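Reviewing the structure listed below.
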Amino acid sequence: MDLTIIVLIIIILLAVAFEYINGFHDSANAIATVVSTKALTPRQAIIYAAVLNLGGALLGTHVAKTIGGGIVDASSVTQTVIACALIGAIIWNLFTWYFGIPSSSSHALIGGLMGAAMMHSGYKVVKITGLVEKVLIPMVTSPVLGIFVGFTIMLLFLWIFLKSNPEIVNRNFKKLQLISSGFLALSHGSNDAQKTMGIITLLLLSSGYIDKMEVPLWVILLCALTMAFGTMAGGWKIIRTMGSKIIKVKPIHGFSAEVSSASIILTASHFGIPVSTTHIISTSIMGVGSTMRASAVRWGIVGNIVTAWIVTIPACMFMSALSYIIVTKIAHLF
């Protein structure tokens, strides 16, 4: 077998590994609240989320095209650049998963791609307009929207059910969470699975196996199934952080957070914006919790999460750039 094909297969496997890790790292986004409110058992929630993540991944390829051509100049990307981008993102995801920190797999991949591409071709390879419009602005606005929409929806429900029996309300919302958590899992698949689709398509384009930035069907199916299997592996440390350490979640809170975050994520996917599903669900939970009282939100945990958000892109840029230096030095030995 030709060496270039072997290298191509190895990098695709690396991308699949990232997608699998993304699945169990970010599975908490869809199932943390539904597990913590006991609307579903952990096993039921994971299987449910995996199936709907799979369905969401098949909804479109707008986000994949942004990752593949909207952040860095595709003509300057090589197999080594993509491999090192994935290595940096995988290292960061495993690090944050180990410590139970809900960081952004999306920003890890974007940071990794930027760092490796800049080491290969210089800073001009980054498309500043695409970076600002598709990454930096949504990075700031989507968490703000998460807090605002979560707060607003929860406030609306509190007003509607002001004189209702709390036990009956929560019992009904526990049933409704079966819909809202599924809605969130679907939205998660529609955005997160597409990022790896974009990376693999960019790899095929840079290697000359396709001639335009169109995602092949086999790539869509591969990424969708891999994310589904990754989701089934679970991410219990992050689930505990999202489901109980930010606020004490009741069914009405879980439903409100899931509906608000899923709406934002699906809107972003429609416009090809690779948002952080982690940022959005986390801030939606914060917004919902703030309707009780500010002290209901455990701000120390929130501070750790925000720090991870800020650090993710530069940390992954550094790790992928370092990986690029190491890989190219090893390559020169042979």
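In the structure tokens, chains take letters A, B, ... by order of appearance, with residues numbered from 1 within each chain and ligands from 1 in the order shown.
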A:Ile110 surroundings by only C-alpha atoms, 9 Å radius, close-in-sequence under 2 positions cut, as a ChimeraX atom specification: /A:67,71,85,89,105-108,112-115,135,195,313,316-317
A:Asp211 environment, 12 Å, only C-alpha atoms, sequence neighbours closer than 5 positions dropped, as a PyMOL selection string: chain A and resi 74-75+201-206+216
Minimum-distance residue to A:Ser190, chosen among A:Ile128, A:Ala64, A:Val77, A:Ile252 (using only C-alpha atoms): A:Ala64
Best match for closeness to A:Thr283 among A:Pro138, A:Gly111, A:Pro314, A:Gly146, counting only C-alpha atoms: A:Gly146
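With only C-alpha atoms as the atoms that count, the residue of A:Ala50, A:Leu109, A:Ala315, A:Ser261 with the shortest distance to A:Ser187 is A:Ser261.
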Per residue of stretch 159-216 of chain A within 10 Å of stretch 224-235 of chain A, what are the shortest atom pair and its distance in Å to one decimal, counting only C-alpha atoms, with rows by chain and residue number, as a tab-separated table?
residue	atom	partner	partner_atom	distance
A:Ala185	CA	A:Thr231	CA	9.9
A:Gly189	CA	A:Ala224	CA	7.6
A:Ser190	CA	A:Ala224	CA	9.4
A:Asp192	CA	A:Met227	CA	8.7
A:Ala193	CA	A:Ala224	CA	6.1
A:Gln194	CA	A:Ala224	CA	8.3
A:Thr196	CA	A:Ala224	CA	9.5
A:Met197	CA	A:Ala224	CA	8.8
Residues within 10 Å of A:Gly287, only C-alpha atoms, excluding chain neighbours under 3 positions, as a PyMOL selection string: chain A and resi 143-155+253+256-257+260+281-284+290-292+294+297
Distance criterion (only C-alpha atoms): nearest to A:Val63 out of A:Val125, A:Leu186, A:Leu322, A:Leu266: A:Leu266
Nearby residues (only C-alpha atoms) at most 8 Å from A:Lys65, same-chain spacing under 3 positions excluded, as a ChimeraX atom specification: /A:61-62,68-70,198,213-215,272
Selected residue of minimal separation from A:Trp218 among A:Ile273, A:Ile280, A:Leu58, A:Ile21, counting only C-alpha atoms: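 Answer, going by the shortest atom-to-atom distance: A:Leu58.
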